[in-house]
Amino acid sequence: MIVHAEFTKLLTGVFAILVVATVIGQILKARLGAENNVVENLVARINAWWGMVVLLALAMLGGQAGVVILFALLSFAGLREFLTLTAKRRADHWALVVSFFVILPVQYVLIWVDWYGMFSVFIPVYAFLLLPIVIAVQGDTDGYLTRVAETQWGLMICVFAASHVPALLSLNIPGYEGKNVLLVAFLVVVVQLSDVLQYVWGKLIGRHKIAPHLSPSKTWEGFVGGVASASAVGAGLWWMTPFTPLEAAGLALVITLMGFFGGLVMSAIKRDKGVKDWGHLIAGHGGFIDRLDSVVFSAPVFFHLTRYFWSVA
Amino acid sequence: MFRAFLSQRVGTAIALFARLVTAVRGVWHGVDPVPHQRIYFANHTSNGDFVLIWTVLPPALRARTRPVAGSDYWLTNKLKTFIGREVFNAVLIDRNRDTRTNDPVTQMVSALDDGASLILFPEGTRNMTDEPLLPFKPGLFHLAQARSKVELVPTWIENLNSVMPKGKVIPVPLLCSVTFGAPLEVVAGEDKAAFLARAQVALAELAQEAAR
């Protein structure tokens, strides 16, 4: 197990933020009362953050195995939430079993063995063609296209896109050998911090709703403030990446924008399906997808940009 | 002694497995999880139904809650018999009217008199239709007549029919919930048909609530 100095530094910073957040949460609780819904939710969120940060840190200390296993489990939890809401009938049973117990594990094995040529097409090509076959041979055509399409969407979002986070470990960047886990940390910290900062800016000065039908809590002030400040933090984290400060800022901007729109897209699906949260397992946050939506949308783009411009074969 | 230990461990393992697959959540909508004597009457779409209810009950309540199940299903092999009898301590009733020797209502009443709470599926069999509920069998009415102090709690199980449809062996991991509604009020002099219709409406309304 190699612990990079950069990782220790980052973790210290994150813990410092959490300590400050926890203190602020407790002060607000004392001032406004424990019955205040916003404060109660805030405290629950902060508590959940402690758990998520510790879990992520442990996974990263476990290197490739840790990160691959963690994201395979997150994909499982996410896919479970997603497919709970999608259209399905008895005839889809085998397609669902195959999705969970064949496609998901195979994708992560391909990530584990660094087989880029296969993991980047396995779900978009092979699963995409296999699933409609598995469903068609059952003979039930009621809502067939909807069922096939929604199941494929679940796999693309919760498995394919999410698996691009551990896929960062397979990149071969000259002068950055053995440090790829820091790329994972960079992506996750920037995208999650962006979510948090959008929430904070929105709560402090948010006035103008950006998408009242999709996500009533998102405001222009939160969006601009969150994206700008998270990009600035991303630039400030350049020392743990193979990027220059300017490149880090650009990538952080792309990550935060994709993350923001990822949240919007996943909200649209929730509204469509008539639910408020994807699940209930992370107190204060909702389901796993509620926390992962932004990561999932930014990870593939961050992966491919980094691969194209910095990685060698 | 060893069997009791084993059946307890198997029970815990089954509940853990149910949680891993379904992340099942108990929603105490109309009652609290307190040790009143109750009949939880629920919709029935899968063999896993009572496992889910059993899983979301607090351990203290779980220990004294017995599912009512068909002996024609549960006594067909040794493993099922062990699980049905020892792990879940089920009240096993014979659903075949013509050949049975025990009266199901008598069996259930005697379980109530021993202090147990019951899990009952008044539809009598797994619902394979697109209707939310099948017509209720009269057993619930007879139990309510015989032991009027026992609370009748409508219990809606959401989504398990997709996790494990009839005839399938491998469960699909999907989120499930179990929602407990307010106990049925006692209405003096109500006849069987009216009572069963009211019970059915209460459960169907709870389903609407659970979908929200």
# chains A, B, ... in the order shown; residues from 1 in each chain; ligands from 1
>>> residues_around(residues="A:His4", least_positions_apart="2", cutoff="10 Å", atoms="only C-alpha atoms", output="CSV table (one decimal) with C-alpha atoms, in the first residue's frame")
chain,number,residue,atom,x,y,z
A,1,MET,CA,0.0,0.0,0.0
A,2,ILE,CA,1.5,3.3,-1.1
A,6,GLU,CA,-0.6,14.4,-2.1
A,7,PHE,CA,-3.3,12.0,-0.8
A,8,THR,CA,-2.6,12.7,2.8
A,9,LYS,CA,-2.6,16.4,2.2
A,10,LEU,CA,-6.0,16.2,0.3
A,61,LEU,CA,-5.9,3.3,0.0
A,178,GLY,CA,1.4,4.9,-9.9
A,179,LYS,CA,-0.5,8.0,-8.9
A,181,VAL,CA,-5.7,7.0,-7.8
A,182,LEU,CA,-5.2,10.8,-7.3
A,240,MET,CA,-2.1,16.3,-7.3
>>> residues_around(residues="A:Lys88", least_positions_apart="5", cutoff="9 Å", atoms="only C-alpha atoms", output="MDAnalysis selection string")
(chainID A and resid 83 93 143:144 146:148 150:151) or (chainID B and resid 162)
>>> interface_residues(of="chain A", to="chain B", cutoff="6 Å", atoms="only C-alpha atoms", output="list in words")
Arg80, Thr84 and Val97 of chain A
>>> residues_around(residues="A:Gly139", least_positions_apart="6", cutoff="12 Å", atoms="only C-alpha atoms", output="PyMOL selection string")
chain A and resi 89-92+132-133
>>> write_last_selection(atoms="all heavy atoms", output="PDB file, in the first residue's frame")
ATOM      1  N   ARG A  89     -41.909  -6.016 -16.981  1.00  0.00           N
ATOM      2  CA  ARG A  89     -42.960  -7.016 -16.837  1.00  0.00           C
ATOM      3  C   ARG A  89     -42.320  -8.343 -16.497  1.00  0.00           C
ATOM      4  O   ARG A  89     -41.097  -8.474 -16.515  1.00  0.00           O
ATOM      5  CB  ARG A  89     -43.775  -7.095 -18.136  1.00  0.00           C
ATOM      6  CG  ARG A  89     -44.570  -5.818 -18.407  1.00  0.00           C
ATOM      7  CD  ARG A  89     -45.180  -5.799 -19.781  1.00  0.00           C
ATOM      8  NE  ARG A  89     -46.094  -6.904 -20.042  1.00  0.00           N
ATOM      9  CZ  ARG A  89     -47.378  -6.930 -19.637  1.00  0.00           C
ATOM     10  NH1 ARG A  89     -47.868  -5.899 -19.003  1.00  0.00           N
ATOM     11  NH2 ARG A  89     -48.141  -7.960 -19.920  1.00  0.00           N
ATOM     12  N   ARG A  90     -43.167  -9.302 -16.204  1.00  0.00           N
ATOM     13  CA  ARG A  90     -42.647 -10.631 -15.835  1.00  0.00           C
ATOM     14  C   ARG A  90     -41.647 -11.150 -16.864  1.00  0.00           C
ATOM     15  O   ARG A  90     -40.647 -11.785 -16.530  1.00  0.00           O
ATOM     16  CB  ARG A  90     -43.810 -11.617 -15.732  1.00  0.00           C
ATOM     17  CG  ARG A  90     -44.364 -11.774 -14.331  1.00  0.00           C
ATOM     18  CD  ARG A  90     -45.616 -12.628 -14.369  1.00  0.00           C
ATOM     19  NE  ARG A  90     -45.364 -13.986 -14.851  1.00  0.00           N
ATOM     20  CZ  ARG A  90     -44.973 -14.976 -14.064  1.00  0.00           C
ATOM     21  NH1 ARG A  90     -44.767 -14.773 -12.795  1.00  0.00           N
ATOM     22  NH2 ARG A  90     -44.776 -16.182 -14.553  1.00  0.00           N
ATOM     23  N   ALA A  91     -41.909 -10.849 -18.137  1.00  0.00           N
ATOM     24  CA  ALA A  91     -41.063 -11.363 -19.213  1.00  0.00           C
ATOM     25  C   ALA A  91     -39.649 -10.797 -19.160  1.00  0.00           C
ATOM     26  O   ALA A  91     -38.738 -11.316 -19.799  1.00  0.00           O
ATOM     27  CB  ALA A  91     -41.702 -11.043 -20.566  1.00  0.00           C
ATOM     28  N   ASP A  92     -39.442  -9.710 -18.391  1.00  0.00           N
ATOM     29  CA  ASP A  92     -38.119  -9.088 -18.321  1.00  0.00           C
ATOM     30  C   ASP A  92     -37.224  -9.718 -17.268  1.00  0.00           C
ATOM     31  O   ASP A  92     -36.096  -9.284 -17.084  1.00  0.00           O
ATOM     32  CB  ASP A  92     -38.263  -7.592 -18.020  1.00  0.00           C
ATOM     33  CG  ASP A  92     -39.037  -6.882 -19.111  1.00  0.00           C
ATOM     34  OD1 ASP A  92     -38.932  -7.310 -20.264  1.00  0.00           O
ATOM     35  OD2 ASP A  92     -39.754  -5.914 -18.802  1.00  0.00           O
ATOM     36  N   PRO A 132     -32.206  -6.699 -25.883  1.00  0.00           N
ATOM     37  CA  PRO A 132     -33.468  -6.786 -26.634  1.00  0.00           C
ATOM     38  C   PRO A 132     -33.741  -8.197 -27.144  1.00  0.00           C
ATOM     39  O   PRO A 132     -34.900  -8.590 -27.263  1.00  0.00           O
ATOM     40  CB  PRO A 132     -33.268  -5.804 -27.789  1.00  0.00           C
ATOM     41  CG  PRO A 132     -31.831  -5.466 -27.805  1.00  0.00           C
ATOM     42  CD  PRO A 132     -31.310  -5.670 -26.422  1.00  0.00           C
ATOM     43  N   ILE A 133     -32.676  -8.962 -27.401  1.00  0.00           N
ATOM     44  CA  ILE A 133     -32.875 -10.349 -27.838  1.00  0.00           C
ATOM     45  C   ILE A 133     -33.451 -11.170 -26.693  1.00  0.00           C
ATOM     46  O   ILE A 133     -34.448 -11.878 -26.841  1.00  0.00           O
ATOM     47  CB  ILE A 133     -31.539 -10.960 -28.320  1.00  0.00           C
ATOM     48  CG1 ILE A 133     -30.996 -10.180 -29.521  1.00  0.00           C
ATOM     49  CG2 ILE A 133     -31.719 -12.436 -28.670  1.00  0.00           C
ATOM     50  CD1 ILE A 133     -29.616 -10.603 -29.969  1.00  0.00           C
TER      51      ILE A 133
END
>>> closest_residue(among="B:Leu6, B:Val178, B:Val201, B:Ala207", to="B:Phe82", atoms="only C-alpha atoms")
B:Leu6
